[in-house]
file coords28.cif (mmCIF, N, CA and C atoms)
data_data
#
loop_
_atom_site.label_atom_id
_atom_site.label_comp_id
_atom_site.auth_asym_id
_atom_site.auth_seq_id
_atom_site.Cartn_x
_atom_site.Cartn_y
_atom_site.Cartn_z
N MET A 1 92.51 95.91 86.45
CA MET A 1 91.64 96.79 87.21
C MET A 1 91.88 96.55 88.71
N LEU A 2 91.94 97.66 89.47
CA LEU A 2 92.20 97.60 90.90
C LEU A 2 90.96 98.13 91.63
N ARG A 3 90.28 97.25 92.39
CA ARG A 3 89.06 97.64 93.09
C ARG A 3 89.42 98.15 94.49
N ILE A 4 89.01 99.40 94.79
CA ILE A 4 89.28 100.00 96.09
C ILE A 4 88.07 99.84 97.00
N THR A 5 86.94 100.41 96.58
CA THR A 5 85.67 100.25 97.30
C THR A 5 84.63 99.82 96.27
N ASN A 6 83.36 99.73 96.69
CA ASN A 6 82.31 99.35 95.75
C ASN A 6 82.11 100.41 94.67
N GLN A 7 82.38 101.68 95.01
CA GLN A 7 82.18 102.77 94.05
C GLN A 7 83.46 103.13 93.30
N ILE A 8 84.62 102.89 93.89
CA ILE A 8 85.89 103.35 93.31
C ILE A 8 86.71 102.17 92.78
N THR A 9 87.01 102.24 91.49
CA THR A 9 87.93 101.27 90.88
C THR A 9 88.94 102.06 90.06
N ILE A 10 90.14 101.51 89.97
CA ILE A 10 91.19 102.16 89.19
C ILE A 10 91.45 101.30 87.96
N GLU A 11 91.31 101.91 86.80
CA GLU A 11 91.52 101.19 85.54
C GLU A 11 93.02 101.01 85.29
N ASP A 12 93.35 100.04 84.44
CA ASP A 12 94.76 99.75 84.13
C ASP A 12 95.43 100.89 83.38
N TRP A 13 94.69 101.64 82.56
CA TRP A 13 95.31 102.72 81.80
C TRP A 13 95.73 103.89 82.68
N GLU A 14 95.17 103.96 83.91
CA GLU A 14 95.53 105.04 84.84
C GLU A 14 96.83 104.75 85.57
N LEU A 15 97.30 103.51 85.51
CA LEU A 15 98.52 103.10 86.21
C LEU A 15 99.66 102.85 85.22
N THR A 16 100.83 103.36 85.55
CA THR A 16 102.03 103.02 84.78
C THR A 16 103.10 102.56 85.76
N GLU A 17 103.81 101.53 85.37
CA GLU A 17 104.87 100.99 86.22
C GLU A 17 106.19 101.10 85.51
N GLN A 18 107.21 101.47 86.27
CA GLN A 18 108.56 101.55 85.72
C GLN A 18 109.46 100.78 86.68
N PHE A 19 110.32 99.96 86.11
CA PHE A 19 111.19 99.14 86.94
C PHE A 19 112.63 99.64 86.83
N THR A 20 113.29 99.74 87.99
CA THR A 20 114.68 100.19 88.04
C THR A 20 115.47 99.24 88.92
N ARG A 21 116.79 99.39 88.87
CA ARG A 21 117.62 98.56 89.73
C ARG A 21 117.52 99.05 91.16
N SER A 22 117.41 98.11 92.04
CA SER A 22 117.24 98.41 93.44
C SER A 22 118.58 98.47 94.14
N GLY A 23 118.68 99.32 95.16
CA GLY A 23 119.91 99.39 95.94
C GLY A 23 119.89 98.33 97.03
N GLY A 24 120.93 98.30 97.83
CA GLY A 24 120.97 97.39 98.97
C GLY A 24 121.52 96.03 98.63
N PRO A 25 121.36 95.06 99.54
CA PRO A 25 121.95 93.74 99.36
C PRO A 25 121.30 92.96 98.22
N GLY A 26 122.03 92.04 97.67
CA GLY A 26 121.51 91.24 96.57
C GLY A 26 122.63 90.54 95.82
N GLY A 27 123.85 90.80 96.22
CA GLY A 27 124.99 90.12 95.60
C GLY A 27 125.17 90.52 94.16
N GLN A 28 125.59 89.58 93.32
CA GLN A 28 125.84 89.86 91.91
C GLN A 28 124.54 90.16 91.17
N ASN A 29 123.44 89.66 91.70
CA ASN A 29 122.15 89.81 91.04
C ASN A 29 121.67 91.26 91.05
N VAL A 30 122.10 92.05 92.05
CA VAL A 30 121.56 93.40 92.24
C VAL A 30 121.89 94.32 91.06
N ASN A 31 122.97 94.05 90.36
CA ASN A 31 123.37 94.91 89.24
C ASN A 31 122.75 94.49 87.91
N LYS A 32 122.06 93.35 87.89
CA LYS A 32 121.51 92.84 86.64
C LYS A 32 120.00 92.96 86.53
N VAL A 33 119.30 92.78 87.65
CA VAL A 33 117.85 92.66 87.61
C VAL A 33 117.20 93.94 88.13
N SER A 34 116.22 94.46 87.39
CA SER A 34 115.48 95.64 87.81
C SER A 34 114.29 95.20 88.65
N THR A 35 114.45 95.27 89.98
CA THR A 35 113.39 94.79 90.87
C THR A 35 112.60 95.91 91.52
N ALA A 36 113.17 97.10 91.64
CA ALA A 36 112.44 98.21 92.26
C ALA A 36 111.35 98.68 91.31
N VAL A 37 110.20 99.02 91.87
CA VAL A 37 109.07 99.46 91.04
C VAL A 37 108.66 100.88 91.43
N GLU A 38 108.32 101.65 90.40
CA GLU A 38 107.78 103.00 90.60
C GLU A 38 106.39 103.00 89.97
N LEU A 39 105.37 103.03 90.82
CA LEU A 39 103.98 103.00 90.35
C LEU A 39 103.46 104.43 90.26
N ARG A 40 102.92 104.79 89.11
CA ARG A 40 102.40 106.14 88.88
C ARG A 40 100.91 106.04 88.60
N PHE A 41 100.12 106.75 89.40
CA PHE A 41 98.67 106.76 89.26
C PHE A 41 98.25 108.17 88.89
N GLU A 42 97.63 108.32 87.72
CA GLU A 42 97.18 109.63 87.24
C GLU A 42 95.88 110.00 87.96
N ALA A 43 96.00 110.49 89.18
CA ALA A 43 94.84 110.74 90.03
C ALA A 43 94.01 111.93 89.54
N GLU A 44 94.67 112.98 89.10
CA GLU A 44 93.97 114.21 88.68
C GLU A 44 93.06 113.95 87.48
N ARG A 45 93.50 113.06 86.58
CA ARG A 45 92.73 112.79 85.36
C ARG A 45 91.78 111.60 85.51
N SER A 46 91.77 110.98 86.67
CA SER A 46 90.96 109.78 86.86
C SER A 46 89.46 110.11 86.89
N PRO A 47 88.67 109.47 85.99
CA PRO A 47 87.23 109.72 85.98
C PRO A 47 86.50 109.00 87.12
N ASN A 48 87.16 108.03 87.75
CA ASN A 48 86.52 107.22 88.78
C ASN A 48 86.61 107.84 90.17
N LEU A 49 87.45 108.86 90.35
CA LEU A 49 87.59 109.48 91.67
C LEU A 49 86.75 110.76 91.74
N PRO A 50 85.88 110.88 92.73
CA PRO A 50 85.15 112.14 92.91
C PRO A 50 86.10 113.25 93.37
N ASP A 51 85.72 114.50 93.15
CA ASP A 51 86.58 115.63 93.49
C ASP A 51 86.97 115.69 94.97
N PRO A 52 86.05 115.48 95.92
CA PRO A 52 86.47 115.52 97.33
C PRO A 52 87.54 114.47 97.66
N VAL A 53 87.42 113.29 97.03
CA VAL A 53 88.40 112.23 97.26
C VAL A 53 89.76 112.64 96.68
N LYS A 54 89.74 113.30 95.52
CA LYS A 54 91.00 113.78 94.93
C LYS A 54 91.69 114.79 95.82
N ARG A 55 90.90 115.69 96.41
CA ARG A 55 91.48 116.71 97.30
C ARG A 55 92.10 116.06 98.54
N ARG A 56 91.36 115.11 99.13
CA ARG A 56 91.90 114.43 100.32
C ARG A 56 93.12 113.59 99.96
N LEU A 57 93.10 112.97 98.78
CA LEU A 57 94.24 112.17 98.32
C LEU A 57 95.47 113.04 98.14
N LYS A 58 95.28 114.23 97.60
CA LYS A 58 96.40 115.15 97.40
C LYS A 58 97.03 115.51 98.75
N ARG A 59 96.19 115.75 99.75
CA ARG A 59 96.68 116.11 101.08
C ARG A 59 97.39 114.92 101.73
N LEU A 60 96.82 113.72 101.58
CA LEU A 60 97.41 112.53 102.19
C LEU A 60 98.71 112.10 101.50
N ALA A 61 98.76 112.27 100.18
CA ALA A 61 99.94 111.83 99.43
C ALA A 61 101.17 112.67 99.76
N GLY A 62 100.98 113.97 100.00
CA GLY A 62 102.10 114.83 100.39
C GLY A 62 103.13 114.94 99.28
N ARG A 63 104.38 114.54 99.57
CA ARG A 63 105.47 114.65 98.61
C ARG A 63 105.32 113.69 97.44
N ARG A 64 104.50 112.66 97.61
CA ARG A 64 104.31 111.69 96.53
C ARG A 64 103.42 112.22 95.41
N TRP A 65 102.75 113.36 95.63
CA TRP A 65 101.89 113.99 94.63
C TRP A 65 102.76 114.87 93.74
N THR A 66 102.70 114.65 92.41
CA THR A 66 103.52 115.42 91.48
C THR A 66 102.78 116.67 91.02
N LYS A 67 103.49 117.56 90.34
CA LYS A 67 102.91 118.81 89.86
C LYS A 67 101.81 118.57 88.82
N ASP A 68 101.94 117.51 88.04
CA ASP A 68 100.93 117.23 87.02
C ASP A 68 99.79 116.35 87.55
N GLY A 69 99.69 116.19 88.87
CA GLY A 69 98.53 115.52 89.46
C GLY A 69 98.59 114.01 89.47
N ALA A 70 99.77 113.45 89.61
CA ALA A 70 99.91 111.99 89.69
C ALA A 70 100.46 111.62 91.07
N VAL A 71 100.15 110.40 91.50
CA VAL A 71 100.68 109.88 92.76
C VAL A 71 101.78 108.88 92.40
N LEU A 72 102.98 109.09 92.97
CA LEU A 72 104.11 108.20 92.73
C LEU A 72 104.36 107.36 93.97
N ILE A 73 104.43 106.05 93.78
CA ILE A 73 104.74 105.15 94.89
C ILE A 73 105.94 104.31 94.48
N GLN A 74 107.02 104.39 95.28
CA GLN A 74 108.25 103.65 94.97
C GLN A 74 108.43 102.56 96.01
N VAL A 75 108.70 101.35 95.53
CA VAL A 75 108.91 100.20 96.42
C VAL A 75 110.14 99.45 95.97
N GLU A 76 111.06 99.20 96.92
CA GLU A 76 112.22 98.37 96.64
C GLU A 76 112.55 97.52 97.87
N GLU A 77 111.48 96.99 98.48
CA GLU A 77 111.64 96.26 99.73
C GLU A 77 112.19 94.85 99.54
N THR A 78 111.70 94.15 98.52
CA THR A 78 112.12 92.77 98.35
C THR A 78 112.97 92.63 97.09
N ARG A 79 113.55 91.47 96.91
CA ARG A 79 114.36 91.20 95.72
C ARG A 79 113.50 90.72 94.56
N SER A 80 112.20 90.55 94.82
CA SER A 80 111.30 90.05 93.80
C SER A 80 110.53 91.20 93.16
N GLN A 81 110.59 91.28 91.84
CA GLN A 81 109.89 92.33 91.11
C GLN A 81 108.37 92.19 91.29
N ALA A 82 107.88 90.98 91.24
CA ALA A 82 106.45 90.72 91.35
C ALA A 82 105.93 91.12 92.74
N ARG A 83 106.70 90.79 93.77
CA ARG A 83 106.28 91.14 95.14
C ARG A 83 106.30 92.65 95.34
N ASN A 84 107.30 93.34 94.79
CA ASN A 84 107.36 94.80 94.89
C ASN A 84 106.16 95.44 94.19
N ARG A 85 105.75 94.85 93.06
CA ARG A 85 104.57 95.33 92.34
C ARG A 85 103.32 95.22 93.21
N GLU A 86 103.17 94.05 93.85
CA GLU A 86 102.02 93.82 94.72
C GLU A 86 102.00 94.82 95.87
N ILE A 87 103.16 95.05 96.49
CA ILE A 87 103.25 95.98 97.62
C ILE A 87 102.86 97.39 97.17
N ALA A 88 103.34 97.81 96.00
CA ALA A 88 103.03 99.15 95.49
C ALA A 88 101.53 99.30 95.25
N ARG A 89 100.91 98.28 94.66
CA ARG A 89 99.47 98.34 94.40
C ARG A 89 98.67 98.34 95.71
N GLU A 90 99.14 97.58 96.70
CA GLU A 90 98.47 97.56 98.01
C GLU A 90 98.55 98.93 98.67
N ARG A 91 99.73 99.57 98.59
CA ARG A 91 99.90 100.89 99.20
C ARG A 91 99.01 101.93 98.52
N LEU A 92 98.92 101.84 97.20
CA LEU A 92 98.06 102.77 96.47
C LEU A 92 96.61 102.57 96.88
N ALA A 93 96.17 101.32 96.94
CA ALA A 93 94.78 101.01 97.32
C ALA A 93 94.49 101.52 98.73
N GLU A 94 95.44 101.34 99.64
CA GLU A 94 95.28 101.80 101.02
C GLU A 94 95.17 103.33 101.08
N LEU A 95 96.00 104.00 100.29
CA LEU A 95 95.99 105.47 100.26
C LEU A 95 94.66 106.00 99.72
N VAL A 96 94.19 105.41 98.64
CA VAL A 96 92.92 105.86 98.04
C VAL A 96 91.75 105.53 98.97
N LYS A 97 91.81 104.37 99.63
CA LYS A 97 90.74 103.99 100.57
C LYS A 97 90.68 104.97 101.74
N LYS A 98 91.85 105.38 102.24
CA LYS A 98 91.90 106.35 103.33
C LYS A 98 91.35 107.70 102.88
N ALA A 99 91.63 108.06 101.62
CA ALA A 99 91.14 109.34 101.08
C ALA A 99 89.64 109.30 100.83
N SER A 100 89.09 108.11 100.60
CA SER A 100 87.66 108.01 100.30
C SER A 100 86.80 108.13 101.56
N GLU A 101 87.41 107.95 102.74
CA GLU A 101 86.66 108.07 103.99
C GLU A 101 86.47 109.55 104.33
N LYS A 102 85.23 109.94 104.52
CA LYS A 102 84.93 111.32 104.85
C LYS A 102 85.29 111.57 106.32
N PRO A 103 86.11 112.60 106.60
CA PRO A 103 86.50 112.84 107.99
C PRO A 103 85.32 113.32 108.83
N LYS A 104 85.34 112.93 110.11
CA LYS A 104 84.28 113.32 111.02
C LYS A 104 84.42 114.81 111.35
N ARG A 105 83.28 115.53 111.34
CA ARG A 105 83.32 116.95 111.67
C ARG A 105 83.54 117.12 113.15
N ARG A 106 84.49 117.98 113.51
CA ARG A 106 84.79 118.21 114.92
C ARG A 106 83.81 119.21 115.50
N ILE A 107 83.25 118.86 116.63
CA ILE A 107 82.33 119.76 117.32
C ILE A 107 83.10 120.37 118.50
N PRO A 108 83.33 121.69 118.46
CA PRO A 108 84.09 122.31 119.55
C PRO A 108 83.33 122.24 120.87
N THR A 109 84.04 121.96 121.95
CA THR A 109 83.43 121.86 123.27
C THR A 109 84.04 122.91 124.19
N LYS A 110 83.32 123.20 125.28
CA LYS A 110 83.82 124.16 126.26
C LYS A 110 84.19 123.40 127.53
N PRO A 111 85.22 123.87 128.25
CA PRO A 111 85.56 123.21 129.52
C PRO A 111 84.45 123.43 130.55
N SER A 112 84.23 122.43 131.41
CA SER A 112 83.17 122.53 132.41
C SER A 112 83.57 123.51 133.52
N LEU A 113 82.59 123.94 134.28
CA LEU A 113 82.85 124.89 135.37
C LEU A 113 83.78 124.28 136.40
N GLY A 114 83.56 123.00 136.72
CA GLY A 114 84.41 122.31 137.69
C GLY A 114 85.86 122.26 137.24
N SER A 115 86.09 121.97 135.94
CA SER A 115 87.47 121.88 135.46
C SER A 115 88.14 123.25 135.48
N LYS A 116 87.37 124.32 135.22
CA LYS A 116 87.93 125.69 135.29
C LYS A 116 88.36 126.00 136.71
N LYS A 117 87.50 125.66 137.69
CA LYS A 117 87.81 125.94 139.11
C LYS A 117 89.03 125.14 139.56
N ARG A 118 89.12 123.87 139.17
CA ARG A 118 90.28 123.04 139.54
C ARG A 118 91.57 123.61 138.96
N ARG A 119 91.49 124.08 137.70
CA ARG A 119 92.67 124.65 137.07
C ARG A 119 93.13 125.91 137.80
N LEU A 120 92.18 126.81 138.15
CA LEU A 120 92.54 128.04 138.84
C LEU A 120 93.09 127.76 140.24
N LYS A 121 92.52 126.74 140.93
CA LYS A 121 93.01 126.39 142.27
C LYS A 121 94.45 125.87 142.18
N ALA A 122 94.72 125.02 141.17
CA ALA A 122 96.07 124.47 140.99
C ALA A 122 97.07 125.59 140.68
N LYS A 123 96.64 126.58 139.89
CA LYS A 123 97.50 127.72 139.58
C LYS A 123 97.82 128.52 140.84
N LYS A 124 96.81 128.70 141.69
CA LYS A 124 96.99 129.48 142.92
C LYS A 124 97.97 128.77 143.86
N VAL A 125 97.80 127.44 144.01
CA VAL A 125 98.70 126.66 144.86
C VAL A 125 100.12 126.73 144.33
N ARG A 126 100.27 126.61 143.04
CA ARG A 126 101.60 126.65 142.42
C ARG A 126 102.25 128.03 142.63
N GLY A 127 101.44 129.07 142.50
CA GLY A 127 101.94 130.43 142.71
C GLY A 127 102.42 130.64 144.15
N GLU A 128 101.67 130.06 145.11
CA GLU A 128 102.06 130.18 146.53
C GLU A 128 103.39 129.45 146.78
N VAL A 129 103.56 128.28 146.17
CA VAL A 129 104.81 127.53 146.32
C VAL A 129 105.97 128.35 145.78
N LYS A 130 105.78 128.98 144.64
CA LYS A 130 106.84 129.78 144.04
C LYS A 130 107.12 131.04 144.86
N ALA A 131 106.07 131.60 145.49
CA ALA A 131 106.25 132.82 146.29
C ALA A 131 107.09 132.54 147.53
N LEU A 132 107.04 131.31 148.01
CA LEU A 132 107.82 130.94 149.21
C LEU A 132 109.31 130.78 148.90
N ARG A 133 109.65 130.67 147.65
CA ARG A 133 111.04 130.54 147.27
C ARG A 133 111.71 131.91 147.37
N GLY A 134 113.03 131.93 147.45
CA GLY A 134 113.73 133.19 147.45
C GLY A 134 114.60 133.31 148.70
N ARG A 135 115.08 134.55 148.93
CA ARG A 135 115.98 134.80 150.04
C ARG A 135 115.28 134.67 151.40
N VAL A 136 116.00 134.09 152.31
CA VAL A 136 115.48 133.97 153.67
C VAL A 136 116.00 135.16 154.47
N GLU A 137 115.12 135.94 155.07
CA GLU A 137 115.49 137.10 155.88
C GLU A 137 115.76 136.63 157.32
N GLY A 138 116.71 137.27 157.95
CA GLY A 138 116.90 136.94 159.37
C GLY A 138 118.30 136.47 159.67
N GLU A 139 118.43 135.26 160.20
CA GLU A 139 119.69 134.72 160.72
C GLU A 139 120.86 134.81 159.76
N GLU A 140 121.98 135.36 160.31
CA GLU A 140 123.23 135.40 159.55
C GLU A 140 124.40 135.46 160.46
#

call {"tool": "encode", "arguments": {"input": "coords28.cif", "output": "structure tokens"}}
result
Amino acid sequence: MLRITNQITIEDWELTEQFTRSGGPGGQNVNKVSTAVELRFEAERSPNLPDPVKRRLKRLAGRRWTKDGAVLIQVEETRSQARNREIARERLAELVKKASEKPKRRIPTKPSLGSKKRRLKAKKVRGEVKALRGRVEGEE
């Protein structure tokens, strides 16, 4: 069982792990030992996640969200299978924790009168500078 917050826990049956051979350095060992981990969390079917959290999780997961509603996390950072497992579980917990936080509602604001006047004055000055550019009439 993976505890995310006081209300949200992920049961073991919701997680599946698959181990594959990892790329990169590792010498002769790299072709023998399956150290890379692919953690699959069935988020859509999870009874422990409320619907708003599932929607936010889907948006946060992006490409890691599959068509059948699962979150895939792939880790092949270390040469240790156990450490890669820990990293994958930490990333999943972090992702779900971020999705469980309700975003703050944005309150639209209007620019102040002073800022409007400063902006218009700066535009006028800039326009005058540009107007002074161009051909010089007279001496030739």

call {"tool": "residues_near_point", "arguments": {"input": "coords28.cif", "point": "(94.1, 111.6, 89.4)", "cutoff": "8 Å", "atoms": "only N, CA and C atoms", "output": "PyMOL selection string"}}
result
chain A and resi 41-49+54+68-71

call {"tool": "write_last_selection", "arguments": {"input": "coords28.cif", "atoms": "N, CA and C atoms", "output": "short mmCIF file (atom, residue, chain, number, x, y, z; two decimals), in the frame of the given file"}}
result
data_model
loop_
_atom_site.label_atom_id
_atom_site.label_comp_id
_atom_site.auth_asym_id
_atom_site.auth_seq_id
_atom_site.Cartn_x
_atom_site.Cartn_y
_atom_site.Cartn_z
N PHE A 41 100.12 106.75 89.40
CA PHE A 41 98.67 106.76 89.26
C PHE A 41 98.25 108.17 88.89
N GLU A 42 97.63 108.32 87.72
CA GLU A 42 97.18 109.63 87.24
C GLU A 42 95.88 110.00 87.96
N ALA A 43 96.00 110.49 89.18
CA ALA A 43 94.84 110.74 90.03
C ALA A 43 94.01 111.93 89.54
N GLU A 44 94.67 112.98 89.10
CA GLU A 44 93.97 114.21 88.68
C GLU A 44 93.06 113.95 87.48
N ARG A 45 93.50 113.06 86.58
CA ARG A 45 92.73 112.79 85.36
C ARG A 45 91.78 111.60 85.51
N SER A 46 91.77 110.98 86.67
CA SER A 46 90.96 109.78 86.86
C SER A 46 89.46 110.11 86.89
N PRO A 47 88.67 109.47 85.99
CA PRO A 47 87.23 109.72 85.98
C PRO A 47 86.50 109.00 87.12
N ASN A 48 87.16 108.03 87.75
CA ASN A 48 86.52 107.22 88.78
C ASN A 48 86.61 107.84 90.17
N LEU A 49 87.45 108.86 90.35
CA LEU A 49 87.59 109.48 91.67
C LEU A 49 86.75 110.76 91.74
N LYS A 54 89.74 113.30 95.52
CA LYS A 54 91.00 113.78 94.93
C LYS A 54 91.69 114.79 95.82
N ASP A 68 101.94 117.51 88.04
CA ASP A 68 100.93 117.23 87.02
C ASP A 68 99.79 116.35 87.55
N GLY A 69 99.69 116.19 88.87
CA GLY A 69 98.53 115.52 89.46
C GLY A 69 98.59 114.01 89.47
N ALA A 70 99.77 113.45 89.61
CA ALA A 70 99.91 111.99 89.69
C ALA A 70 100.46 111.62 91.07
N VAL A 71 100.15 110.40 91.50
CA VAL A 71 100.68 109.88 92.76
C VAL A 71 101.78 108.88 92.40
#

call {"tool": "atom_distance", "arguments": {"input": "coords28.cif", "atom1": "atom C of Val129 in chain A", "atom2": "atom C of Lys110 in chain A"}}
result
28.8 Å

call {"tool": "select_by_dssp", "arguments": {"input": "coords28.cif", "residues": "range 3-77 of chain A", "states": "helix (DSSP H, G or I)", "output": "list in words"}}
result
Asp12, Trp13, Glu14, Gly27, Gln28, Asn29, Val30, Asn31, Asp51, Pro52, Val53, Lys54, Arg55, Arg56, Leu57, Lys58, Arg59, Leu60, Ala61, Gly62, Arg63 and Arg64 of chain A

call {"tool": "residues_around", "arguments": {"input": "coords28.cif", "residues": "Val75 in chain A", "least_positions_apart": "5", "cutoff": "8 Å", "atoms": "only N, CA and C atoms", "output": "list in words"}}
result
Ser22, Thr35, Ala36, Val37, Glu38, Leu39, Arg83, Asn84, Arg85, Ile87 and Ala88 of chain A

call {"tool": "select_by_dssp", "arguments": {"input": "coords28.cif", "residues": "chain A", "states": "strand (DSSP E)", "output": "CSV table (one decimal) with N, CA and C atoms, in the coordinates of the input"}}
result
chain,number,residue,atom,x,y,z
A,2,LEU,N,91.9,97.7,89.5
A,2,LEU,CA,92.2,97.6,90.9
A,2,LEU,C,91.0,98.1,91.6
A,3,ARG,N,90.3,97.2,92.4
A,3,ARG,CA,89.1,97.6,93.1
A,3,ARG,C,89.4,98.2,94.5
A,9,THR,N,87.0,102.2,91.5
A,9,THR,CA,87.9,101.3,90.9
A,9,THR,C,88.9,102.1,90.1
A,10,ILE,N,90.1,101.5,90.0
A,10,ILE,CA,91.2,102.2,89.2
A,10,ILE,C,91.4,101.3,88.0
A,15,LEU,N,97.3,103.5,85.5
A,15,LEU,CA,98.5,103.1,86.2
A,15,LEU,C,99.7,102.8,85.2
A,16,THR,N,100.8,103.4,85.6
A,16,THR,CA,102.0,103.0,84.8
A,16,THR,C,103.1,102.6,85.8
A,17,GLU,N,103.8,101.5,85.4
A,17,GLU,CA,104.9,101.0,86.2
A,17,GLU,C,106.2,101.1,85.5
A,18,GLN,N,107.2,101.5,86.3
A,18,GLN,CA,108.6,101.6,85.7
A,18,GLN,C,109.5,100.8,86.7
A,19,PHE,N,110.3,100.0,86.1
A,19,PHE,CA,111.2,99.1,86.9
A,19,PHE,C,112.6,99.6,86.8
A,20,THR,N,113.3,99.7,88.0
A,20,THR,CA,114.7,100.2,88.0
A,20,THR,C,115.5,99.2,88.9
A,36,ALA,N,113.2,97.1,91.6
A,36,ALA,CA,112.4,98.2,92.3
A,36,ALA,C,111.4,98.7,91.3
A,37,VAL,N,110.2,99.0,91.9
A,37,VAL,CA,109.1,99.5,91.0
A,37,VAL,C,108.7,100.9,91.4
A,38,GLU,N,108.3,101.6,90.4
A,38,GLU,CA,107.8,103.0,90.6
A,38,GLU,C,106.4,103.0,90.0
A,39,LEU,N,105.4,103.0,90.8
A,39,LEU,CA,104.0,103.0,90.4
A,39,LEU,C,103.5,104.4,90.3
A,40,ARG,N,102.9,104.8,89.1
A,40,ARG,CA,102.4,106.1,88.9
A,40,ARG,C,100.9,106.0,88.6
A,41,PHE,N,100.1,106.8,89.4
A,41,PHE,CA,98.7,106.8,89.3
A,41,PHE,C,98.2,108.2,88.9
A,71,VAL,N,100.2,110.4,91.5
A,71,VAL,CA,100.7,109.9,92.8
A,71,VAL,C,101.8,108.9,92.4
A,72,LEU,N,103.0,109.1,93.0
A,72,LEU,CA,104.1,108.2,92.7
A,72,LEU,C,104.4,107.4,94.0
A,73,ILE,N,104.4,106.0,93.8
A,73,ILE,CA,104.7,105.2,94.9
A,73,ILE,C,105.9,104.3,94.5
A,74,GLN,N,107.0,104.4,95.3
A,74,GLN,CA,108.2,103.6,95.0
A,74,GLN,C,108.4,102.6,96.0
A,75,VAL,N,108.7,101.4,95.5
A,75,VAL,CA,108.9,100.2,96.4
A,75,VAL,C,110.1,99.4,96.0

call {"tool": "closest_residue", "arguments": {"input": "coords28.cif", "among": "A:Val33, A:Lys97, A:Ala61, A:Ser80", "to": "Thr5 in chain A", "atoms": "all atoms listed in the file"}}
result
A:Lys97

call {"tool": "closest_residue", "arguments": {"input": "coords28.cif", "among": "A:Asn29, A:Glu11, A:Leu60, A:Pro52", "to": "Lys98 in chain A", "atoms": "only C-alpha atoms"}}
result
A:Leu60

call {"tool": "atom_distance", "arguments": {"input": "coords28.cif", "atom1": "CA of Glu77 in chain A", "atom2": "CA of Glu94 in chain A"}}
result
17.3 Å

call {"tool": "atom_distance", "arguments": {"input": "coords28.cif", "atom1": "CA of Arg40 in chain A", "atom2": "atom C of Trp65 in chain A"}}
result
10.0 Å

call {"tool": "closest_residue", "arguments": {"input": "coords28.cif", "among": "A:Lys58, A:Arg21, A:Ala99, A:Arg126", "to": "Ile4 in chain A", "atoms": "only C-alpha atoms"}}
result
A:Ala99

call {"tool": "decode", "arguments": {"input": "coords28.cif", "residues": "range 81-93 of chain A", "atoms": "N, CA and C atoms", "output": "tab-separated table (two decimals), in the first residue's frame"}}
result
chain	number	residue	atom	x	y	z
A	81	GLN	N	17.70	-2.48	-9.57
A	81	GLN	CA	16.27	-2.67	-9.81
A	81	GLN	C	15.45	-2.12	-8.64
A	82	ALA	N	15.90	-2.37	-7.43
A	82	ALA	CA	15.18	-1.94	-6.23
A	82	ALA	C	15.13	-0.41	-6.15
A	83	ARG	N	16.25	0.23	-6.46
A	83	ARG	CA	16.28	1.71	-6.42
A	83	ARG	C	15.38	2.31	-7.50
A	84	ASN	N	15.36	1.72	-8.69
A	84	ASN	CA	14.49	2.19	-9.76
A	84	ASN	C	13.02	2.05	-9.36
A	85	ARG	N	12.70	0.96	-8.66
A	85	ARG	CA	11.33	0.76	-8.15
A	85	ARG	C	10.94	1.87	-7.19
A	86	GLU	N	11.86	2.18	-6.26
A	86	GLU	CA	11.60	3.24	-5.28
A	86	GLU	C	11.38	4.58	-5.97
A	87	ILE	N	12.23	4.89	-6.96
A	87	ILE	CA	12.12	6.16	-7.68
A	87	ILE	C	10.77	6.24	-8.40
A	88	ALA	N	10.35	5.15	-9.04
A	88	ALA	CA	9.07	5.14	-9.76
A	88	ALA	C	7.91	5.37	-8.80
A	89	ARG	N	7.94	4.72	-7.64
A	89	ARG	CA	6.87	4.89	-6.66
A	89	ARG	C	6.86	6.32	-6.10
A	90	GLU	N	8.04	6.89	-5.90
A	90	GLU	CA	8.13	8.28	-5.41
A	90	GLU	C	7.54	9.24	-6.43
A	91	ARG	N	7.86	9.02	-7.71
A	91	ARG	CA	7.35	9.90	-8.77
A	91	ARG	C	5.83	9.80	-8.87
A	92	LEU	N	5.31	8.59	-8.74
A	92	LEU	CA	3.86	8.41	-8.79
A	92	LEU	C	3.21	9.13	-7.61
A	93	ALA	N	3.77	8.96	-6.42
A	93	ALA	CA	3.22	9.61	-5.22
A	93	ALA	C	3.24	11.13	-5.37
